[in-house]
2 protein chains.
Amino acid sequence: MALGTDYELQDCALARALEVVGERWSLLIVRDAFYGVQRFNDFLAHLGIPRAVLTARLNALVAAGVLRKEPYQQAPLRHGYLLTDVGLELWGPLYQLSRWGGRHATPGGPHHLFAHLACGTDLDLIGACPACGGGPVPPAEVTMRPNPAHTGGRREDPVSRALVRPHPLLEPIASAAAA
Amino acid sequence: MALGTDYELQDCALARALEVVGERWSLLIVRDAFYGVQRFNDFLAHLGIPRAVLTARLNALVAAGVLRKEPYQQAPLRHGYLLTDVGLELWGPLYQLSRWGGRHATPGGPHHLFAHLACGTDLDLIGACPACGGGPVPPAEVTMRPNPAHTGGRREDPVSRALVRPHPLLEPIASAAAA
DNA sequence: CCGATTGGTCTGGTGAATGAACCTTCGTCT
DNA sequence: AGACGAAGGTTCATTCACCAGACCAATCGG
């Protein structure tokens, strides 16, 4: 976000958080990173975002310590963008905001459902496993799958197609796994 | 937010949520509503937001069903902006995002601390009361107070000054209570 | 009648987002 | 060698949202 290009005087941690992940596409990029998207062109195809904006956001998220660049080949040097530990801690707010959107702003219901990898139970509202108890399940122990009850169109880019099959969070999507 | 003025094709509840609360000031306005801010001029003073933008955001949040207008006097008709039930459900994501910002993006530490009204225990990371157990505490049962350990300046508008004393969420702030 | 309070609208200027085209480095195919 | 394509950007003109500040309207107290 950055209001007045930064909310400098807001006496609130929320404003600070929004400086980092509040700009137009930032949180969607982070979400895609949780989904296993790592490469520039995969973010581009899945989000439909202008290239220049994607470049700017990825760099900003790396500078903020949410993402890090990790080389995946040397030949022509190429790197993917992966979540740091700081970035992984965004799973809680991101999941809850997503659930809120699913309840109140998504006609046709949510497109994806999230379950505990260990036991297959769907996560509750706060991201915990009702069967296993305890606190919120960390993202590495979560799998996502499309919502069969969802009505309405789906996107037709390679990333969206890869996400049709059930898939643990953070695991690189098929498109990138081909490398 | 609204990307291309709406993320129309994003197959994700998160994008829908961001259409509602993702624009530049929206989430800060909702946060202020939790703090007990209700009046146009109080939002204006506390946020330092341009009047035209505040008007647009408040109308958008009302249209989205997050806020509602409630008359507080008839003489010259005046109304405040209050959270609806849908808006109240944003407390979870908002609190968690705020905590994330406090951990990772706020030098000097968080400006406000949140405790369970019933027992005075500070809330944990997911917004639950460690002493009372159970799930996240609903906002009506939370009080906020300034963080005594916070270093750095504070704002000097009337709303910020009213928030210096401990204060239950959702209770109208002193400035508005004068009416 | 004068001014203050509240909650706006209007306007002109600036910076950021957008979409399309272009560039660079390498690998592969023929 | 030359053509082509993939990956990851950069550059550019246009549009659009944000910004600050001025202005407006209804009502009340003095």
# chains A, B, ... in the order shown; residues from 1 in each chain; ligands from 1
>>> residues_around(residues="Glu141 in chain B", least_positions_apart="5", cutoff="7 Å", atoms="only C-alpha atoms (C1' of nucleotides)", output="ChimeraX atom specification")
/B:116-118
>>> write_last_selection(atoms="C-alpha atoms", output="compact mmCIF listing (two decimals), in the first residue's frame")
# COMPACT_ATOMS: atom_id res chain seq x y z
CA HIS B 116 -9.63 -10.07 27.50
CA LEU B 117 -12.14 -7.72 29.14
CA ALA B 118 -13.42 -10.39 31.53
>>> closest_atom_pairs(of="chain C", to="chain A", cutoff="8 Å", atoms="only C-alpha atoms (C1' of nucleotides)", output="tab-separated table")
residue	atom	partner	partner_atom	distance
C:DA17	C1'	A:Val53	CA	7.4
C:DT18	C1'	A:Pro50	CA	6.7
C:DG19	C1'	A:Pro50	CA	7.1
C:DT25	C1'	A:Pro76	CA	6.3
C:DC26	C1'	A:Pro76	CA	5.2
>>> write_last_selection(atoms="C-alpha atoms (C1' of nucleotides)", output="compact mmCIF listing (two decimals), in the first residue's frame")
# COMPACT_ATOMS: atom_id res chain seq x y z
C1' DA C 17 -1.06 1.16 -12.32
C1' DT C 18 -1.96 -0.52 -16.92
C1' DG C 19 -1.05 -2.92 -21.41
C1' DT C 25 20.68 -14.31 -22.24
C1' DC C 26 20.87 -18.74 -23.02
>>> closest_residue(among="C:DG7, C:DA16, C:DC1, C:DG27", to="DT15 in chain D", atoms="only C-alpha atoms (C1' of nucleotides)")
C:DA16
>>> residues_around(residues="range 38-42 of chain B", least_positions_apart="6", cutoff="7 Å", atoms="only C-alpha atoms (C1' of nucleotides)", output="list in words")
Gly80, Tyr81, Leu82, Val159 and Pro172 of chain B; DG7 of chain C
>>> write_last_selection(atoms="N, CA and C atoms (P, O5', C5', C4', C3', O3' and C1' of nucleotides)", output="mmCIF file, in the first residue's frame")
data_model
loop_
_atom_site.group_PDB
_atom_site.id
_atom_site.type_symbol
_atom_site.label_atom_id
_atom_site.label_comp_id
_atom_site.auth_asym_id
_atom_site.auth_seq_id
_atom_site.Cartn_x
_atom_site.Cartn_y
_atom_site.Cartn_z
ATOM 1 N N GLY B 80 -23.356 8.233 12.385
ATOM 2 C CA GLY B 80 -22.044 7.627 12.553
ATOM 3 C C GLY B 80 -21.953 6.381 11.699
ATOM 4 N N TYR B 81 -20.756 5.860 11.576
ATOM 5 C CA TYR B 81 -20.540 4.631 10.825
ATOM 6 C C TYR B 81 -20.181 3.527 11.804
ATOM 7 N N LEU B 82 -21.006 2.456 11.812
ATOM 8 C CA LEU B 82 -20.786 1.359 12.756
ATOM 9 C C LEU B 82 -20.548 0.056 12.004
ATOM 10 N N VAL B 159 -8.625 11.998 18.646
ATOM 11 C CA VAL B 159 -8.939 10.574 18.734
ATOM 12 C C VAL B 159 -7.771 9.820 19.350
ATOM 13 N N PRO B 172 -17.965 3.706 21.776
ATOM 14 C CA PRO B 172 -17.671 4.993 21.130
ATOM 15 C C PRO B 172 -16.599 5.753 21.903
ATOM 16 P P DG C 7 -20.280 14.440 11.578
ATOM 17 O "O5'" DG C 7 -20.461 14.640 10.011
ATOM 18 C "C5'" DG C 7 -21.776 14.698 9.459
ATOM 19 C "C4'" DG C 7 -21.688 15.061 7.997
ATOM 20 C "C3'" DG C 7 -20.765 14.148 7.175
ATOM 21 O "O3'" DG C 7 -21.374 13.855 5.929
ATOM 22 C "C1'" DG C 7 -20.215 16.355 6.820
#
>>> closest_atom_pairs(of="chain D", to="chain A", cutoff="10 Å", atoms="only C-alpha atoms (C1' of nucleotides)", output="JSON lines")
{"residue": "D:DA7", "atom": "C1'", "partner": "A:Asn41", "partner_atom": "CA", "distance": 7.4}
{"residue": "D:DG8", "atom": "C1'", "partner": "A:Phe40", "partner_atom": "CA", "distance": 6.9}
{"residue": "D:DG9", "atom": "C1'", "partner": "A:Thr55", "partner_atom": "CA", "distance": 7.8}
{"residue": "D:DT10", "atom": "C1'", "partner": "A:Ala52", "partner_atom": "CA", "distance": 8.0}
{"residue": "D:DT11", "atom": "C1'", "partner": "A:Ala52", "partner_atom": "CA", "distance": 9.7}
{"residue": "D:DC18", "atom": "C1'", "partner": "A:Gly4", "partner_atom": "CA", "distance": 8.0}
{"residue": "D:DC19", "atom": "C1'", "partner": "A:Gly4", "partner_atom": "CA", "distance": 7.8}
>>> write_last_selection(atoms="C-alpha atoms (C1' of nucleotides)", output="mmCIF file, in the first residue's frame")
data_model
loop_
_atom_site.group_PDB
_atom_site.id
_atom_site.type_symbol
_atom_site.label_atom_id
_atom_site.label_comp_id
_atom_site.auth_asym_id
_atom_site.auth_seq_id
_atom_site.Cartn_x
_atom_site.Cartn_y
_atom_site.Cartn_z
ATOM 1 C "C1'" DA D 7 12.536 -16.794 -19.036
ATOM 2 C "C1'" DG D 8 12.739 -12.599 -16.872
ATOM 3 C "C1'" DG D 9 12.856 -8.239 -17.272
ATOM 4 C "C1'" DT D 10 12.747 -2.858 -18.940
ATOM 5 C "C1'" DT D 11 10.620 1.099 -21.368
ATOM 6 C "C1'" DC D 18 -4.838 9.760 -4.634
ATOM 7 C "C1'" DC D 19 -3.796 14.101 -2.728
#
>>> interface_residues(of="chain A", to="chain B", cutoff="6 Å", atoms="only C-alpha atoms", output="PDB file with C-alpha atoms, in the first residue's frame")
ATOM      1  CA  MET A   1       0.000   0.000   0.000  1.00  0.00           C
ATOM      2  CA  CYS A  12      -0.541   1.101  14.634  1.00  0.00           C
ATOM      3  CA  ALA A  13       1.172  -2.105  13.743  1.00  0.00           C
ATOM      4  CA  LEU A  14      -1.559  -2.702  11.207  1.00  0.00           C
ATOM      5  CA  ARG A  16       3.111  -1.067   9.205  1.00  0.00           C
ATOM      6  CA  ALA A  17       1.864  -4.443   7.992  1.00  0.00           C
ATOM      7  CA  ARG A  24      -2.595  -3.691  -4.757  1.00  0.00           C
ATOM      8  CA  PRO A  93      -4.077 -13.610   8.513  1.00  0.00           C
ATOM      9  CA  GLN A  96      -8.671 -15.902   7.821  1.00  0.00           C
ATOM     10  CA  LEU A  97      -9.133 -13.093   5.356  1.00  0.00           C
ATOM     11  CA  SER A  98      -9.723 -15.654   2.659  1.00  0.00           C
ATOM     12  CA  GLY A 101     -14.101 -13.396   1.710  1.00  0.00           C
ATOM     13  CA  GLY A 102     -15.515 -16.851   1.104  1.00  0.00           C
ATOM     14  CA  ALA A 105     -18.016 -11.778  -0.750  1.00  0.00           C
ATOM     15  CA  THR A 106     -17.818 -14.851  -2.965  1.00  0.00           C
ATOM     16  CA  PRO A 110     -14.952 -20.555  -2.146  1.00  0.00           C
ATOM     17  CA  HIS A 111     -12.893 -21.957  -4.994  1.00  0.00           C
TER      18      HIS A 111
END
>>> residues_around(residues="DC10 in chain C", least_positions_apart="6", cutoff="10 Å", atoms="only C-alpha atoms (C1' of nucleotides)", output="list of chain:residue names")
B:Ala52, D:DA22, D:DC23, D:DC24
>>> write_last_selection(atoms="N, CA and C atoms (P, O5', C5', C4', C3', O3' and C1' of nucleotides)", output="short mmCIF file (atom, residue, chain, number, x, y, z; two decimals), in the first residue's frame")
data_model
loop_
_atom_site.label_atom_id
_atom_site.label_comp_id
_atom_site.auth_asym_id
_atom_site.auth_seq_id
_atom_site.Cartn_x
_atom_site.Cartn_y
_atom_site.Cartn_z
N ALA B 52 -12.19 13.51 0.45
CA ALA B 52 -12.88 12.86 -0.67
C ALA B 52 -12.66 11.36 -0.65
P DA D 22 -6.74 26.48 1.05
"O5'" DA D 22 -8.01 26.80 0.15
"C5'" DA D 22 -7.83 26.93 -1.27
"C4'" DA D 22 -9.19 26.78 -1.96
"C3'" DA D 22 -10.27 27.66 -1.34
"O3'" DA D 22 -10.97 28.35 -2.38
"C1'" DA D 22 -10.98 25.40 -1.39
P DC D 23 -12.08 29.48 -1.99
"O5'" DC D 23 -13.46 28.69 -2.06
"C5'" DC D 23 -13.82 28.03 -3.27
"C4'" DC D 23 -14.99 27.10 -3.00
"C3'" DC D 23 -16.19 27.78 -2.33
"O3'" DC D 23 -17.28 27.77 -3.25
"C1'" DC D 23 -15.71 25.64 -1.37
P DC D 24 -18.72 28.48 -2.83
"O5'" DC D 24 -19.55 27.26 -2.21
"C5'" DC D 24 -19.77 26.07 -2.98
"C4'" DC D 24 -20.67 25.12 -2.21
"C3'" DC D 24 -21.87 25.79 -1.54
"O3'" DC D 24 -23.01 25.02 -1.82
"C1'" DC D 24 -20.69 24.47 0.02
#
>>> atom_distance(atom1="CA of Asn147 in chain B", atom2="CA of Leu163 in chain B")
11.3 Å
>>> atom_distance(atom1="CA of Ala56 in chain B", atom2="CA of Val30 in chain B")
13.8 Å
>>> atom_distance(atom1="CA of Leu54 in chain B", atom2="C1' of DA4 in chain C")
22.7 Å
>>> decode(residues="range 70-107 of chain B", atoms="N, CA and C atoms", output="PDB file, in the first residue's frame")
ATOM      1  N   GLU B  70     -25.673   4.976  11.043  1.00  0.00           N
ATOM      2  CA  GLU B  70     -26.626   5.007  12.151  1.00  0.00           C
ATOM      3  C   GLU B  70     -26.783   6.456  12.588  1.00  0.00           C
ATOM      4  N   PRO B  71     -28.010   7.026  12.514  1.00  0.00           N
ATOM      5  CA  PRO B  71     -28.175   8.413  12.944  1.00  0.00           C
ATOM      6  C   PRO B  71     -27.927   8.552  14.438  1.00  0.00           C
ATOM      7  N   TYR B  72     -27.219   9.596  14.826  1.00  0.00           N
ATOM      8  CA  TYR B  72     -27.035   9.831  16.258  1.00  0.00           C
ATOM      9  C   TYR B  72     -27.662  11.148  16.682  1.00  0.00           C
ATOM     10  N   GLN B  73     -28.175  11.902  15.733  1.00  0.00           N
ATOM     11  CA  GLN B  73     -28.974  13.084  16.088  1.00  0.00           C
ATOM     12  C   GLN B  73     -29.821  13.433  14.875  1.00  0.00           C
ATOM     13  N   GLN B  74     -30.939  14.112  15.155  1.00  0.00           N
ATOM     14  CA  GLN B  74     -31.870  14.457  14.083  1.00  0.00           C
ATOM     15  C   GLN B  74     -31.724  15.909  13.657  1.00  0.00           C
ATOM     16  N   ALA B  75     -31.519  16.772  14.626  1.00  0.00           N
ATOM     17  CA  ALA B  75     -31.577  18.211  14.402  1.00  0.00           C
ATOM     18  C   ALA B  75     -30.952  18.604  13.063  1.00  0.00           C
ATOM     19  N   PRO B  76     -29.636  18.777  12.972  1.00  0.00           N
ATOM     20  CA  PRO B  76     -29.091  18.614  11.641  1.00  0.00           C
ATOM     21  C   PRO B  76     -28.771  17.128  11.551  1.00  0.00           C
ATOM     22  N   LEU B  77     -29.388  16.431  10.647  1.00  0.00           N
ATOM     23  CA  LEU B  77     -29.231  14.972  10.593  1.00  0.00           C
ATOM     24  C   LEU B  77     -27.757  14.600  10.499  1.00  0.00           C
ATOM     25  N   ARG B  78     -27.317  13.800  11.451  1.00  0.00           N
ATOM     26  CA  ARG B  78     -25.938  13.325  11.466  1.00  0.00           C
ATOM     27  C   ARG B  78     -25.944  11.846  11.772  1.00  0.00           C
ATOM     28  N   HIS B  79     -25.030  11.123  11.107  1.00  0.00           N
ATOM     29  CA  HIS B  79     -24.954   9.695  11.425  1.00  0.00           C
ATOM     30  C   HIS B  79     -23.510   9.280  11.612  1.00  0.00           C
ATOM     31  N   GLY B  80     -23.356   8.233  12.385  1.00  0.00           N
ATOM     32  CA  GLY B  80     -22.044   7.627  12.553  1.00  0.00           C
ATOM     33  C   GLY B  80     -21.953   6.381  11.699  1.00  0.00           C
ATOM     34  N   TYR B  81     -20.756   5.860  11.576  1.00  0.00           N
ATOM     35  CA  TYR B  81     -20.540   4.631  10.825  1.00  0.00           C
ATOM     36  C   TYR B  81     -20.181   3.527  11.804  1.00  0.00           C
ATOM     37  N   LEU B  82     -21.006   2.456  11.812  1.00  0.00           N
ATOM     38  CA  LEU B  82     -20.786   1.359  12.756  1.00  0.00           C
ATOM     39  C   LEU B  82     -20.548   0.056  12.004  1.00  0.00           C
ATOM     40  N   LEU B  83     -19.840  -0.840  12.652  1.00  0.00           N
ATOM     41  CA  LEU B  83     -19.590  -2.141  12.037  1.00  0.00           C
ATOM     42  C   LEU B  83     -20.862  -2.974  12.026  1.00  0.00           C
ATOM     43  N   THR B  84     -21.123  -3.642  10.915  1.00  0.00           N
ATOM     44  CA  THR B  84     -22.197  -4.623  10.862  1.00  0.00           C
ATOM     45  C   THR B  84     -21.662  -5.954  11.398  1.00  0.00           C
ATOM     46  N   ASP B  85     -22.519  -6.975  11.419  1.00  0.00           N
ATOM     47  CA  ASP B  85     -22.063  -8.297  11.841  1.00  0.00           C
ATOM     48  C   ASP B  85     -20.970  -8.797  10.909  1.00  0.00           C
ATOM     49  N   VAL B  86     -21.148  -8.525   9.614  1.00  0.00           N
ATOM     50  CA  VAL B  86     -20.118  -8.916   8.647  1.00  0.00           C
ATOM     51  C   VAL B  86     -18.802  -8.214   8.957  1.00  0.00           C
ATOM     52  N   GLY B  87     -18.892  -6.932   9.255  1.00  0.00           N
ATOM     53  CA  GLY B  87     -17.698  -6.179   9.603  1.00  0.00           C
ATOM     54  C   GLY B  87     -17.036  -6.696  10.864  1.00  0.00           C
ATOM     55  N   LEU B  88     -17.856  -7.066  11.843  1.00  0.00           N
ATOM     56  CA  LEU B  88     -17.294  -7.565  13.107  1.00  0.00           C
ATOM     57  C   LEU B  88     -16.467  -8.826  12.889  1.00  0.00           C
ATOM     58  N   GLU B  89     -16.828  -9.588  11.869  1.00  0.00           N
ATOM     59  CA  GLU B  89     -16.083 -10.830  11.604  1.00  0.00           C
ATOM     60  C   GLU B  89     -14.705 -10.561  11.035  1.00  0.00           C
ATOM     61  N   LEU B  90     -14.429  -9.300  10.705  1.00  0.00           N
ATOM     62  CA  LEU B  90     -13.080  -8.966  10.247  1.00  0.00           C
ATOM     63  C   LEU B  90     -12.094  -8.848  11.402  1.00  0.00           C
ATOM     64  N   TRP B  91     -12.585  -8.931  12.631  1.00  0.00           N
ATOM     65  CA  TRP B  91     -11.689  -8.763  13.768  1.00  0.00           C
ATOM     66  C   TRP B  91     -10.538  -9.783  13.743  1.00  0.00           C
ATOM     67  N   GLY B  92     -10.858 -11.032  13.428  1.00  0.00           N
ATOM     68  CA  GLY B  92      -9.826 -12.072  13.421  1.00  0.00           C
ATOM     69  C   GLY B  92      -8.688 -11.741  12.465  1.00  0.00           C
ATOM     70  N   PRO B  93      -8.963 -11.610  11.173  1.00  0.00           N
ATOM     71  CA  PRO B  93      -7.894 -11.298  10.232  1.00  0.00           C
ATOM     72  C   PRO B  93      -7.191  -9.984  10.579  1.00  0.00           C
ATOM     73  N   LEU B  94      -7.947  -9.007  11.005  1.00  0.00           N
ATOM     74  CA  LEU B  94      -7.357  -7.709  11.310  1.00  0.00           C
ATOM     75  C   LEU B  94      -6.395  -7.818  12.500  1.00  0.00           C
ATOM     76  N   TYR B  95      -6.830  -8.527  13.522  1.00  0.00           N
ATOM     77  CA  TYR B  95      -5.975  -8.678  14.694  1.00  0.00           C
ATOM     78  C   TYR B  95      -4.698  -9.433  14.335  1.00  0.00           C
ATOM     79  N   GLN B  96      -4.841 -10.492  13.568  1.00  0.00           N
ATOM     80  CA  GLN B  96      -3.660 -11.288  13.232  1.00  0.00           C
ATOM     81  C   GLN B  96      -2.693 -10.515  12.346  1.00  0.00           C
ATOM     82  N   LEU B  97      -3.231  -9.772  11.415  1.00  0.00           N
ATOM     83  CA  LEU B  97      -2.359  -8.983  10.544  1.00  0.00           C
ATOM     84  C   LEU B  97      -1.636  -7.919  11.363  1.00  0.00           C
ATOM     85  N   SER B  98      -2.357  -7.369  12.321  1.00  0.00           N
ATOM     86  CA  SER B  98      -1.769  -6.368  13.190  1.00  0.00           C
ATOM     87  C   SER B  98      -0.638  -6.983  14.023  1.00  0.00           C
ATOM     88  N   ARG B  99      -0.863  -8.175  14.552  1.00  0.00           N
ATOM     89  CA  ARG B  99       0.181  -8.838  15.319  1.00  0.00           C
ATOM     90  C   ARG B  99       1.393  -9.133  14.448  1.00  0.00           C
ATOM     91  N   TRP B 100       1.134  -9.558  13.217  1.00  0.00           N
ATOM     92  CA  TRP B 100       2.255  -9.819  12.291  1.00  0.00           C
ATOM     93  C   TRP B 100       3.045  -8.537  12.070  1.00  0.00           C
ATOM     94  N   GLY B 101       2.345  -7.455  11.850  1.00  0.00           N
ATOM     95  CA  GLY B 101       3.013  -6.176  11.667  1.00  0.00           C
ATOM     96  C   GLY B 101       3.796  -5.773  12.907  1.00  0.00           C
ATOM     97  N   GLY B 102       3.240  -6.055  14.063  1.00  0.00           N
ATOM     98  CA  GLY B 102       3.928  -5.729  15.301  1.00  0.00           C
ATOM     99  C   GLY B 102       5.206  -6.539  15.468  1.00  0.00           C
ATOM    100  N   ARG B 103       5.171  -7.794  15.045  1.00  0.00           N
ATOM    101  CA  ARG B 103       6.360  -8.645  15.181  1.00  0.00           C
ATOM    102  C   ARG B 103       7.429  -8.275  14.171  1.00  0.00           C
ATOM    103  N   HIS B 104       7.017  -7.956  12.932  1.00  0.00           N
ATOM    104  CA  HIS B 104       8.002  -7.920  11.858  1.00  0.00           C
ATOM    105  C   HIS B 104       8.199  -6.565  11.210  1.00  0.00           C
ATOM    106  N   ALA B 105       7.351  -5.624  11.501  1.00  0.00           N
ATOM    107  CA  ALA B 105       7.464  -4.387  10.740  1.00  0.00           C
ATOM    108  C   ALA B 105       7.330  -3.135  11.596  1.00  0.00           C
ATOM    109  N   THR B 106       7.355  -3.291  12.928  1.00  0.00           N
ATOM    110  CA  THR B 106       7.130  -2.124  13.762  1.00  0.00           C
ATOM    111  C   THR B 106       8.297  -1.896  14.712  1.00  0.00           C
ATOM    112  N   PRO B 107       9.252  -1.069  14.315  1.00  0.00           N
ATOM    113  CA  PRO B 107      10.332  -0.741  15.234  1.00  0.00           C
ATOM    114  C   PRO B 107       9.764   0.002  16.432  1.00  0.00           C
TER     115      PRO B 107
END
